[in-house]
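**Student:** upload.txt is the file, holding compact mmCIF, N, CA and C atoms and all ligand atoms:
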# COMPACT_ATOMS: atom_id res chain seq x y z
N MET A 1 -13.19 -76.23 35.74
CA MET A 1 -12.77 -77.63 35.90
C MET A 1 -12.60 -77.93 37.39
N SER A 2 -13.27 -78.96 37.84
CA SER A 2 -13.12 -79.38 39.24
C SER A 2 -12.26 -80.63 39.31
N THR A 3 -11.39 -80.64 40.29
CA THR A 3 -10.58 -81.85 40.50
C THR A 3 -11.03 -82.55 41.77
N ARG A 4 -12.07 -82.08 42.39
CA ARG A 4 -12.41 -82.57 43.73
C ARG A 4 -12.89 -84.01 43.73
N HIS A 5 -13.48 -84.45 42.61
CA HIS A 5 -13.99 -85.81 42.61
C HIS A 5 -13.14 -86.73 41.75
N ALA A 6 -11.94 -86.28 41.47
CA ALA A 6 -11.03 -87.09 40.67
C ALA A 6 -10.69 -88.39 41.39
N THR A 7 -10.43 -89.42 40.58
CA THR A 7 -10.03 -90.72 41.12
C THR A 7 -8.51 -90.88 41.01
N ILE A 8 -7.91 -91.29 42.10
CA ILE A 8 -6.46 -91.45 42.15
C ILE A 8 -6.13 -92.90 42.48
N LEU A 9 -5.30 -93.49 41.67
CA LEU A 9 -4.81 -94.85 41.92
C LEU A 9 -3.45 -94.76 42.61
N ILE A 10 -3.36 -95.37 43.78
CA ILE A 10 -2.10 -95.39 44.53
C ILE A 10 -1.54 -96.80 44.48
N ILE A 11 -0.34 -96.92 43.93
CA ILE A 11 0.34 -98.23 43.84
C ILE A 11 1.51 -98.18 44.80
N GLU A 12 1.38 -98.89 45.89
CA GLU A 12 2.35 -98.79 47.00
C GLU A 12 2.30 -100.08 47.81
N ASP A 13 3.45 -100.71 48.03
CA ASP A 13 3.44 -101.97 48.77
C ASP A 13 3.60 -101.78 50.27
N ASN A 14 4.02 -100.59 50.70
CA ASN A 14 4.16 -100.36 52.15
C ASN A 14 2.80 -99.98 52.72
N PRO A 15 2.26 -100.82 53.63
CA PRO A 15 0.88 -100.60 54.10
C PRO A 15 0.69 -99.26 54.82
N LEU A 16 1.71 -98.81 55.55
CA LEU A 16 1.56 -97.55 56.28
C LEU A 16 1.53 -96.36 55.32
N ASN A 17 2.39 -96.39 54.32
CA ASN A 17 2.38 -95.31 53.33
C ASN A 17 1.10 -95.31 52.52
N LEU A 18 0.63 -96.51 52.18
CA LEU A 18 -0.61 -96.62 51.41
C LEU A 18 -1.79 -96.05 52.20
N GLU A 19 -1.82 -96.40 53.48
CA GLU A 19 -2.89 -95.93 54.36
C GLU A 19 -2.82 -94.41 54.54
N LEU A 20 -1.62 -93.91 54.76
CA LEU A 20 -1.46 -92.46 54.98
C LEU A 20 -1.88 -91.66 53.75
N ALA A 21 -1.39 -92.07 52.59
CA ALA A 21 -1.74 -91.35 51.36
C ALA A 21 -3.24 -91.44 51.10
N THR A 22 -3.80 -92.61 51.35
CA THR A 22 -5.24 -92.80 51.14
C THR A 22 -6.04 -91.89 52.07
N ASP A 23 -5.69 -91.88 53.33
CA ASP A 23 -6.42 -91.05 54.31
C ASP A 23 -6.35 -89.57 53.94
N LEU A 24 -5.15 -89.11 53.60
CA LEU A 24 -4.96 -87.69 53.29
C LEU A 24 -5.77 -87.28 52.06
N LEU A 25 -5.75 -88.14 51.06
CA LEU A 25 -6.39 -87.76 49.80
C LEU A 25 -7.90 -87.97 49.85
N GLU A 26 -8.35 -88.95 50.61
CA GLU A 26 -9.80 -89.09 50.81
C GLU A 26 -10.33 -87.89 51.59
N ALA A 27 -9.56 -87.44 52.58
CA ALA A 27 -9.97 -86.27 53.36
C ALA A 27 -10.05 -85.03 52.47
N ALA A 28 -9.24 -85.00 51.42
CA ALA A 28 -9.24 -83.87 50.49
C ALA A 28 -10.34 -84.00 49.43
N GLY A 29 -11.09 -85.10 49.47
CA GLY A 29 -12.24 -85.25 48.58
C GLY A 29 -12.03 -86.16 47.39
N TYR A 30 -10.87 -86.78 47.30
CA TYR A 30 -10.60 -87.65 46.15
C TYR A 30 -11.12 -89.06 46.39
N THR A 31 -11.41 -89.74 45.30
CA THR A 31 -11.75 -91.16 45.35
C THR A 31 -10.46 -91.93 45.12
N ILE A 32 -10.18 -92.88 46.00
CA ILE A 32 -8.90 -93.60 45.96
C ILE A 32 -9.10 -95.06 45.58
N ARG A 33 -8.23 -95.53 44.69
CA ARG A 33 -8.12 -96.95 44.41
C ARG A 33 -6.70 -97.37 44.80
N GLN A 34 -6.59 -98.58 45.31
CA GLN A 34 -5.29 -99.03 45.84
C GLN A 34 -4.80 -100.28 45.11
N ALA A 35 -3.50 -100.33 44.94
CA ALA A 35 -2.86 -101.55 44.45
C ALA A 35 -1.55 -101.72 45.20
N ARG A 36 -1.14 -102.96 45.41
CA ARG A 36 0.07 -103.24 46.19
C ARG A 36 1.21 -103.79 45.35
N SER A 37 0.99 -103.88 44.05
CA SER A 37 2.06 -104.28 43.14
C SER A 37 1.84 -103.57 41.80
N ALA A 38 2.91 -103.50 41.01
CA ALA A 38 2.81 -102.87 39.68
C ALA A 38 1.83 -103.63 38.79
N GLU A 39 1.88 -104.95 38.88
CA GLU A 39 1.01 -105.77 38.02
C GLU A 39 -0.46 -105.49 38.33
N GLU A 40 -0.77 -105.46 39.62
CA GLU A 40 -2.14 -105.19 40.06
C GLU A 40 -2.55 -103.77 39.66
N GLY A 41 -1.64 -102.82 39.86
CA GLY A 41 -1.95 -101.42 39.58
C GLY A 41 -2.17 -101.17 38.10
N VAL A 42 -1.32 -101.72 37.25
CA VAL A 42 -1.45 -101.50 35.81
C VAL A 42 -2.74 -102.15 35.31
N ALA A 43 -3.07 -103.32 35.82
CA ALA A 43 -4.32 -103.98 35.43
C ALA A 43 -5.53 -103.13 35.81
N LEU A 44 -5.49 -102.55 37.01
CA LEU A 44 -6.57 -101.67 37.45
C LEU A 44 -6.67 -100.44 36.57
N ALA A 45 -5.52 -99.85 36.25
CA ALA A 45 -5.50 -98.63 35.43
C ALA A 45 -6.05 -98.89 34.04
N ARG A 46 -5.76 -100.07 33.49
CA ARG A 46 -6.26 -100.41 32.16
C ARG A 46 -7.76 -100.65 32.18
N ALA A 47 -8.24 -101.31 33.24
CA ALA A 47 -9.66 -101.66 33.33
C ALA A 47 -10.52 -100.45 33.61
N GLU A 48 -10.00 -99.55 34.43
CA GLU A 48 -10.78 -98.39 34.86
C GLU A 48 -9.83 -97.21 35.05
N PRO A 49 -9.47 -96.52 33.96
CA PRO A 49 -8.42 -95.50 34.04
C PRO A 49 -8.74 -94.40 35.06
N PRO A 50 -7.82 -94.19 36.01
CA PRO A 50 -8.00 -93.11 36.99
C PRO A 50 -7.55 -91.78 36.39
N ASP A 51 -7.73 -90.70 37.14
CA ASP A 51 -7.31 -89.37 36.69
C ASP A 51 -5.85 -89.10 37.00
N LEU A 52 -5.31 -89.85 37.94
CA LEU A 52 -3.92 -89.66 38.36
C LEU A 52 -3.44 -90.97 38.99
N ILE A 53 -2.16 -91.27 38.78
CA ILE A 53 -1.55 -92.45 39.41
C ILE A 53 -0.36 -91.99 40.24
N LEU A 54 -0.30 -92.44 41.48
CA LEU A 54 0.88 -92.27 42.33
C LEU A 54 1.49 -93.66 42.49
N MET A 55 2.73 -93.82 42.08
CA MET A 55 3.32 -95.17 42.09
C MET A 55 4.68 -95.18 42.76
N ASP A 56 4.81 -96.04 43.73
CA ASP A 56 6.09 -96.32 44.38
C ASP A 56 7.08 -96.83 43.33
N LEU A 57 8.35 -96.49 43.51
CA LEU A 57 9.37 -97.01 42.58
C LEU A 57 9.82 -98.41 42.97
N ARG A 58 9.90 -98.65 44.27
CA ARG A 58 10.35 -99.96 44.77
C ARG A 58 9.13 -100.81 45.11
N LEU A 59 8.84 -101.73 44.22
CA LEU A 59 7.68 -102.60 44.40
C LEU A 59 8.13 -104.05 44.26
N PRO A 60 7.42 -104.98 44.87
CA PRO A 60 7.74 -106.40 44.68
C PRO A 60 7.45 -106.79 43.23
N GLY A 61 8.27 -107.64 42.65
CA GLY A 61 8.07 -107.98 41.24
C GLY A 61 8.54 -106.82 40.38
N THR A 62 7.72 -106.45 39.42
CA THR A 62 8.06 -105.33 38.53
C THR A 62 8.15 -104.03 39.33
N ASP A 63 9.20 -103.25 39.08
CA ASP A 63 9.34 -101.98 39.81
C ASP A 63 8.64 -100.85 39.05
N GLY A 64 8.62 -99.68 39.70
CA GLY A 64 7.90 -98.54 39.14
C GLY A 64 8.49 -98.04 37.84
N TYR A 65 9.81 -98.13 37.69
CA TYR A 65 10.45 -97.66 36.46
C TYR A 65 9.95 -98.45 35.25
N ALA A 66 9.82 -99.77 35.42
CA ALA A 66 9.33 -100.60 34.32
C ALA A 66 7.83 -100.41 34.12
N ALA A 67 7.10 -100.31 35.23
CA ALA A 67 5.64 -100.24 35.14
C ALA A 67 5.18 -98.94 34.48
N VAL A 68 5.90 -97.84 34.71
CA VAL A 68 5.46 -96.58 34.10
C VAL A 68 5.62 -96.67 32.57
N LYS A 69 6.57 -97.47 32.13
CA LYS A 69 6.72 -97.65 30.68
C LYS A 69 5.53 -98.41 30.11
N TRP A 70 5.04 -99.43 30.84
CA TRP A 70 3.82 -100.11 30.40
C TRP A 70 2.69 -99.11 30.26
N LEU A 71 2.55 -98.27 31.29
CA LEU A 71 1.45 -97.29 31.29
C LEU A 71 1.58 -96.31 30.12
N LYS A 72 2.79 -95.83 29.88
CA LYS A 72 2.98 -94.78 28.86
C LYS A 72 3.00 -95.34 27.45
N GLN A 73 3.12 -96.66 27.31
CA GLN A 73 3.08 -97.27 25.98
C GLN A 73 1.68 -97.76 25.62
N ASP A 74 0.76 -97.69 26.56
CA ASP A 74 -0.58 -98.25 26.36
C ASP A 74 -1.56 -97.11 26.08
N PRO A 75 -2.25 -97.16 24.93
CA PRO A 75 -3.18 -96.08 24.59
C PRO A 75 -4.29 -95.88 25.63
N ARG A 76 -4.57 -96.92 26.42
CA ARG A 76 -5.61 -96.79 27.44
C ARG A 76 -5.14 -95.98 28.65
N THR A 77 -3.83 -95.91 28.84
CA THR A 77 -3.32 -95.32 30.08
C THR A 77 -2.26 -94.24 29.87
N LYS A 78 -1.80 -94.04 28.63
CA LYS A 78 -0.65 -93.15 28.44
C LYS A 78 -0.96 -91.69 28.75
N HIS A 79 -2.24 -91.31 28.72
CA HIS A 79 -2.62 -89.91 29.00
C HIS A 79 -2.72 -89.62 30.49
N ILE A 80 -2.66 -90.65 31.33
CA ILE A 80 -2.87 -90.47 32.77
C ILE A 80 -1.58 -89.93 33.41
N PRO A 81 -1.65 -88.75 34.06
CA PRO A 81 -0.45 -88.27 34.74
C PRO A 81 -0.05 -89.25 35.84
N THR A 82 1.23 -89.54 35.91
CA THR A 82 1.74 -90.54 36.84
C THR A 82 2.94 -89.98 37.59
N ALA A 83 2.83 -89.98 38.91
CA ALA A 83 3.91 -89.45 39.74
C ALA A 83 4.58 -90.59 40.49
N ALA A 84 5.91 -90.53 40.56
CA ALA A 84 6.68 -91.48 41.34
C ALA A 84 6.54 -91.12 42.82
N LEU A 85 6.37 -92.16 43.62
CA LEU A 85 6.24 -91.99 45.07
C LEU A 85 7.37 -92.82 45.67
N THR A 86 8.36 -92.14 46.22
CA THR A 86 9.53 -92.91 46.59
C THR A 86 10.33 -92.30 47.73
N ALA A 87 10.94 -93.17 48.50
CA ALA A 87 11.83 -92.75 49.57
C ALA A 87 13.23 -92.47 49.06
N GLN A 88 13.46 -92.87 47.84
CA GLN A 88 14.80 -92.68 47.29
C GLN A 88 15.05 -91.19 47.07
N ALA A 89 16.06 -90.66 47.68
CA ALA A 89 16.38 -89.24 47.53
C ALA A 89 17.79 -89.08 47.00
N MET A 90 18.19 -90.07 46.25
CA MET A 90 19.55 -90.07 45.72
C MET A 90 19.65 -89.10 44.54
N THR A 91 20.84 -88.56 44.38
CA THR A 91 21.07 -87.68 43.24
C THR A 91 20.82 -88.45 41.94
N GLY A 92 20.10 -87.81 41.03
CA GLY A 92 19.84 -88.45 39.75
C GLY A 92 18.59 -89.28 39.72
N ASP A 93 17.99 -89.50 40.89
CA ASP A 93 16.81 -90.35 40.96
C ASP A 93 15.60 -89.73 40.27
N GLU A 94 15.39 -88.44 40.52
CA GLU A 94 14.25 -87.78 39.89
C GLU A 94 14.42 -87.76 38.38
N GLU A 95 15.64 -87.50 37.95
CA GLU A 95 15.90 -87.47 36.51
C GLU A 95 15.63 -88.85 35.90
N ARG A 96 16.05 -89.90 36.59
CA ARG A 96 15.81 -91.26 36.10
C ARG A 96 14.31 -91.55 36.01
N ALA A 97 13.57 -91.07 37.03
CA ALA A 97 12.12 -91.28 37.04
C ALA A 97 11.46 -90.55 35.87
N ARG A 98 11.90 -89.33 35.62
CA ARG A 98 11.31 -88.56 34.51
C ARG A 98 11.65 -89.19 33.17
N GLU A 99 12.88 -89.69 33.06
CA GLU A 99 13.28 -90.35 31.81
C GLU A 99 12.45 -91.61 31.57
N ALA A 100 12.09 -92.29 32.66
CA ALA A 100 11.29 -93.51 32.52
C ALA A 100 9.86 -93.20 32.10
N GLY A 101 9.42 -91.95 32.32
CA GLY A 101 8.08 -91.57 31.87
C GLY A 101 7.20 -90.94 32.93
N PHE A 102 7.70 -90.85 34.16
CA PHE A 102 6.89 -90.21 35.21
C PHE A 102 6.72 -88.72 34.92
N ASP A 103 5.55 -88.21 35.28
CA ASP A 103 5.23 -86.80 35.08
C ASP A 103 5.53 -85.97 36.33
N GLY A 104 5.69 -86.63 37.45
CA GLY A 104 5.94 -85.92 38.70
C GLY A 104 6.68 -86.83 39.66
N TYR A 105 7.04 -86.27 40.80
CA TYR A 105 7.91 -86.98 41.73
C TYR A 105 7.57 -86.52 43.13
N ILE A 106 7.15 -87.45 43.97
CA ILE A 106 6.77 -87.13 45.35
C ILE A 106 7.67 -87.95 46.27
N THR A 107 8.39 -87.27 47.16
CA THR A 107 9.31 -87.99 48.03
C THR A 107 8.62 -88.40 49.34
N LYS A 108 9.06 -89.55 49.85
CA LYS A 108 8.63 -90.03 51.15
C LYS A 108 9.75 -89.76 52.16
N PRO A 109 9.48 -89.50 53.44
CA PRO A 109 8.13 -89.58 53.99
C PRO A 109 7.17 -88.54 53.40
N ILE A 110 5.93 -88.97 53.26
CA ILE A 110 4.91 -88.11 52.68
C ILE A 110 4.72 -86.86 53.54
N ASP A 111 4.72 -85.71 52.89
CA ASP A 111 4.48 -84.45 53.59
C ASP A 111 2.97 -84.25 53.71
N THR A 112 2.48 -84.46 54.93
CA THR A 112 1.02 -84.43 55.15
C THR A 112 0.44 -83.04 54.87
N ARG A 113 1.26 -82.02 54.93
CA ARG A 113 0.75 -80.65 54.71
C ARG A 113 0.60 -80.32 53.24
N THR A 114 1.37 -80.99 52.39
CA THR A 114 1.39 -80.55 50.99
C THR A 114 0.92 -81.60 49.98
N LEU A 115 0.66 -82.84 50.43
CA LEU A 115 0.33 -83.89 49.45
C LEU A 115 -0.88 -83.53 48.60
N SER A 116 -1.96 -83.06 49.24
CA SER A 116 -3.17 -82.79 48.45
C SER A 116 -2.96 -81.64 47.47
N GLN A 117 -2.12 -80.67 47.85
CA GLN A 117 -1.82 -79.57 46.92
C GLN A 117 -0.98 -80.06 45.74
N THR A 118 -0.03 -80.94 46.04
CA THR A 118 0.80 -81.51 44.98
C THR A 118 -0.07 -82.29 44.00
N VAL A 119 -1.00 -83.06 44.56
CA VAL A 119 -1.90 -83.85 43.73
C VAL A 119 -2.80 -82.94 42.88
N ALA A 120 -3.30 -81.87 43.48
CA ALA A 120 -4.15 -80.93 42.74
C ALA A 120 -3.38 -80.32 41.58
N ARG A 121 -2.11 -80.04 41.83
CA ARG A 121 -1.28 -79.45 40.77
C ARG A 121 -1.06 -80.46 39.64
N LEU A 122 -0.81 -81.71 39.99
CA LEU A 122 -0.61 -82.76 38.99
C LEU A 122 -1.88 -82.96 38.15
N LEU A 123 -3.02 -82.91 38.80
CA LEU A 123 -4.30 -83.06 38.09
C LEU A 123 -4.60 -81.84 37.23
N GLY A 124 -4.33 -80.67 37.78
CA GLY A 124 -4.69 -79.43 37.10
C GLY A 124 -3.92 -79.19 35.84
N GLY A 125 -2.71 -79.73 35.79
CA GLY A 125 -1.87 -79.49 34.63
C GLY A 125 -2.25 -80.30 33.40
N THR A 126 -3.21 -81.18 33.55
CA THR A 126 -3.48 -82.12 32.46
C THR A 126 -4.83 -81.93 31.81
N GLY A 127 -5.76 -81.30 32.52
CA GLY A 127 -7.09 -81.15 31.98
C GLY A 127 -7.86 -82.45 31.92
N SER A 128 -7.40 -83.47 32.64
CA SER A 128 -8.04 -84.77 32.55
C SER A 128 -9.04 -85.02 33.67
N ALA A 129 -9.26 -84.01 34.51
CA ALA A 129 -10.20 -84.22 35.61
C ALA A 129 -11.62 -84.35 35.07
N PRO A 130 -12.46 -85.07 35.75
CA PRO A 130 -13.83 -85.28 35.28
C PRO A 130 -14.66 -83.99 35.33
MN MN B 1 7.97 -100.03 48.15
Can you give me the file's structure in the form of structure tokens?
**Tutor:**
Amino acid sequence: MSTRHATILIIEDNPLNLELATDLLEAAGYTIRQARSAEEGVALARAEPPDLILMDLRLPGTDGYAAVKWLKQDPRTKHIPTAALTAQAMTGDEERAREAGFDGYITKPIDTRTLSQTVARLLGGTGSAP
């Protein structure tokens, strides 16, 4: 199973974080799709399901906690591993994210040395790579 050509949808409203994650993961060989709101991201995921979703928790409009529930309740998207991407490092935050339906949790600032490995692990655990 190869994960090298997997498509990753990044839902992030902060342009610098979106750019950084995109650059790192494109350099690692992934195809990236971008969305800047939960509504845009969920619509993209439904239309063209990616292999992995990285989603910010704090988004304009619908937040990541609500949006992951849309994803996990929809037969078109519920199988897609989805990781929370967030600067929130408060106690209980990861647990809240997992309860909401996230499969993984990536803290910001993004660790440029480990992001692609974390993503490979998230993809590898699901068998959903192309
Ligand atoms: Mn945000």
**Student:** Compare A:Pro50, A:Pro109, A:Gly101, A:Gly29 by their minimum atom-to-atom distance to Tyr65 of chain A, counting all atoms listed in the file, and give me the closest one.
**Tutor:**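 Of the candidates, the smallest distance to Tyr65 of chain A is held by A:Gly101.
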**Student:** For segment 34-41 of chain A, list every protein, DNA or RNA residue within 10 Å, evaluated using only C-alpha atoms, and leave out those in the same chain fewer than 5 positions away; present the list as a VMD selection string.
**Tutor:** chain A and resid 8 to 15 18 to 19 22 46 to 47 53 to 68 70 to 71
**Student:** Once you have the residues from the selection above, write them out as a CSV table (one decimal), in the coordinates of the input, restricted to N, CA and C atoms.
**Tutor:**
chain,number,residue,atom,x,y,z
A,8,ILE,N,-7.9,-91.3,42.1
A,8,ILE,CA,-6.5,-91.4,42.2
A,8,ILE,C,-6.1,-92.9,42.5
A,9,LEU,N,-5.3,-93.5,41.7
A,9,LEU,CA,-4.8,-94.8,41.9
A,9,LEU,C,-3.4,-94.8,42.6
A,10,ILE,N,-3.4,-95.4,43.8
A,10,ILE,CA,-2.1,-95.4,44.5
A,10,ILE,C,-1.5,-96.8,44.5
A,11,ILE,N,-0.3,-96.9,43.9
A,11,ILE,CA,0.3,-98.2,43.8
A,11,ILE,C,1.5,-98.2,44.8
A,12,GLU,N,1.4,-98.9,45.9
A,12,GLU,CA,2.4,-98.8,47.0
A,12,GLU,C,2.3,-100.1,47.8
A,13,ASP,N,3.4,-100.7,48.0
A,13,ASP,CA,3.4,-102.0,48.8
A,13,ASP,C,3.6,-101.8,50.3
A,14,ASN,N,4.0,-100.6,50.7
A,14,ASN,CA,4.2,-100.4,52.2
A,14,ASN,C,2.8,-100.0,52.7
A,15,PRO,N,2.3,-100.8,53.6
A,15,PRO,CA,0.9,-100.6,54.1
A,15,PRO,C,0.7,-99.3,54.8
A,18,LEU,N,0.6,-96.5,52.2
A,18,LEU,CA,-0.6,-96.6,51.4
A,18,LEU,C,-1.8,-96.0,52.2
A,19,GLU,N,-1.8,-96.4,53.5
A,19,GLU,CA,-2.9,-95.9,54.4
A,19,GLU,C,-2.8,-94.4,54.5
A,22,THR,N,-3.8,-92.6,51.4
A,22,THR,CA,-5.2,-92.8,51.1
A,22,THR,C,-6.0,-91.9,52.1
A,46,ARG,N,-5.8,-100.1,33.5
A,46,ARG,CA,-6.3,-100.4,32.2
A,46,ARG,C,-7.8,-100.6,32.2
A,47,ALA,N,-8.2,-101.3,33.2
A,47,ALA,CA,-9.7,-101.7,33.3
A,47,ALA,C,-10.5,-100.4,33.6
A,53,ILE,N,-2.2,-91.3,38.8
A,53,ILE,CA,-1.6,-92.4,39.4
A,53,ILE,C,-0.4,-92.0,40.2
A,54,LEU,N,-0.3,-92.4,41.5
A,54,LEU,CA,0.9,-92.3,42.3
A,54,LEU,C,1.5,-93.7,42.5
A,55,MET,N,2.7,-93.8,42.1
A,55,MET,CA,3.3,-95.2,42.1
A,55,MET,C,4.7,-95.2,42.8
A,56,ASP,N,4.8,-96.0,43.7
A,56,ASP,CA,6.1,-96.3,44.4
A,56,ASP,C,7.1,-96.8,43.3
A,57,LEU,N,8.4,-96.5,43.5
A,57,LEU,CA,9.4,-97.0,42.6
A,57,LEU,C,9.8,-98.4,43.0
A,58,ARG,N,9.9,-98.6,44.3
A,58,ARG,CA,10.4,-100.0,44.8
A,58,ARG,C,9.1,-100.8,45.1
A,59,LEU,N,8.8,-101.7,44.2
A,59,LEU,CA,7.7,-102.6,44.4
A,59,LEU,C,8.1,-104.0,44.3
A,60,PRO,N,7.4,-105.0,44.9
A,60,PRO,CA,7.7,-106.4,44.7
A,60,PRO,C,7.4,-106.8,43.2
A,61,GLY,N,8.3,-107.6,42.6
A,61,GLY,CA,8.1,-108.0,41.2
A,61,GLY,C,8.5,-106.8,40.4
A,62,THR,N,7.7,-106.4,39.4
A,62,THR,CA,8.1,-105.3,38.5
A,62,THR,C,8.2,-104.0,39.3
A,63,ASP,N,9.2,-103.2,39.1
A,63,ASP,CA,9.3,-102.0,39.8
A,63,ASP,C,8.6,-100.8,39.0
A,64,GLY,N,8.6,-99.7,39.7
A,64,GLY,CA,7.9,-98.5,39.1
A,64,GLY,C,8.5,-98.0,37.8
A,65,TYR,N,9.8,-98.1,37.7
A,65,TYR,CA,10.4,-97.7,36.5
A,65,TYR,C,10.0,-98.4,35.2
A,66,ALA,N,9.8,-99.8,35.4
A,66,ALA,CA,9.3,-100.6,34.3
A,66,ALA,C,7.8,-100.4,34.1
A,67,ALA,N,7.1,-100.3,35.2
A,67,ALA,CA,5.6,-100.2,35.1
A,67,ALA,C,5.2,-98.9,34.5
A,68,VAL,N,5.9,-97.8,34.7
A,68,VAL,CA,5.5,-96.6,34.1
A,68,VAL,C,5.6,-96.7,32.6
A,70,TRP,N,5.0,-99.4,30.8
A,70,TRP,CA,3.8,-100.1,30.4
A,70,TRP,C,2.7,-99.1,30.3
A,71,LEU,N,2.6,-98.3,31.3
A,71,LEU,CA,1.4,-97.3,31.3
A,71,LEU,C,1.6,-96.3,30.1
**Student:** Separation of atom C of Ile106 of chain A and atom N of Thr118 of chain A, in Å?
**Tutor:**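 Interatomic distance here is 10.4 Å.
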**Student:** Return as AutoDock Vina command-line options the box centre and box size in Å, one decimal, for an axis-aligned box around all listed atoms of segment 92-106 of chain A padded by 8 Å per side.
**Tutor:**
--center_x 12.7 --center_y -89.7 --center_z 38.9 --size_x 30.9 --size_y 23.6 --size_z 30.7
**Student:** Can you pull out the residues contacting Tyr30 of chain A? Cut-off 10 Å, using only C-alpha atoms, and skip same-chain residues under 6 positions away; I want them as a PyMOL selection string.
**Tutor:** chain A and resi 3-8+22-24+116+119-120
**Student:** Using atom C of Arg96 of chain A and atom N of Thr31 of chain A as the two end points, give the distance in Å to one decimal.
**Tutor:**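 A separation of 27.4 Å between them.
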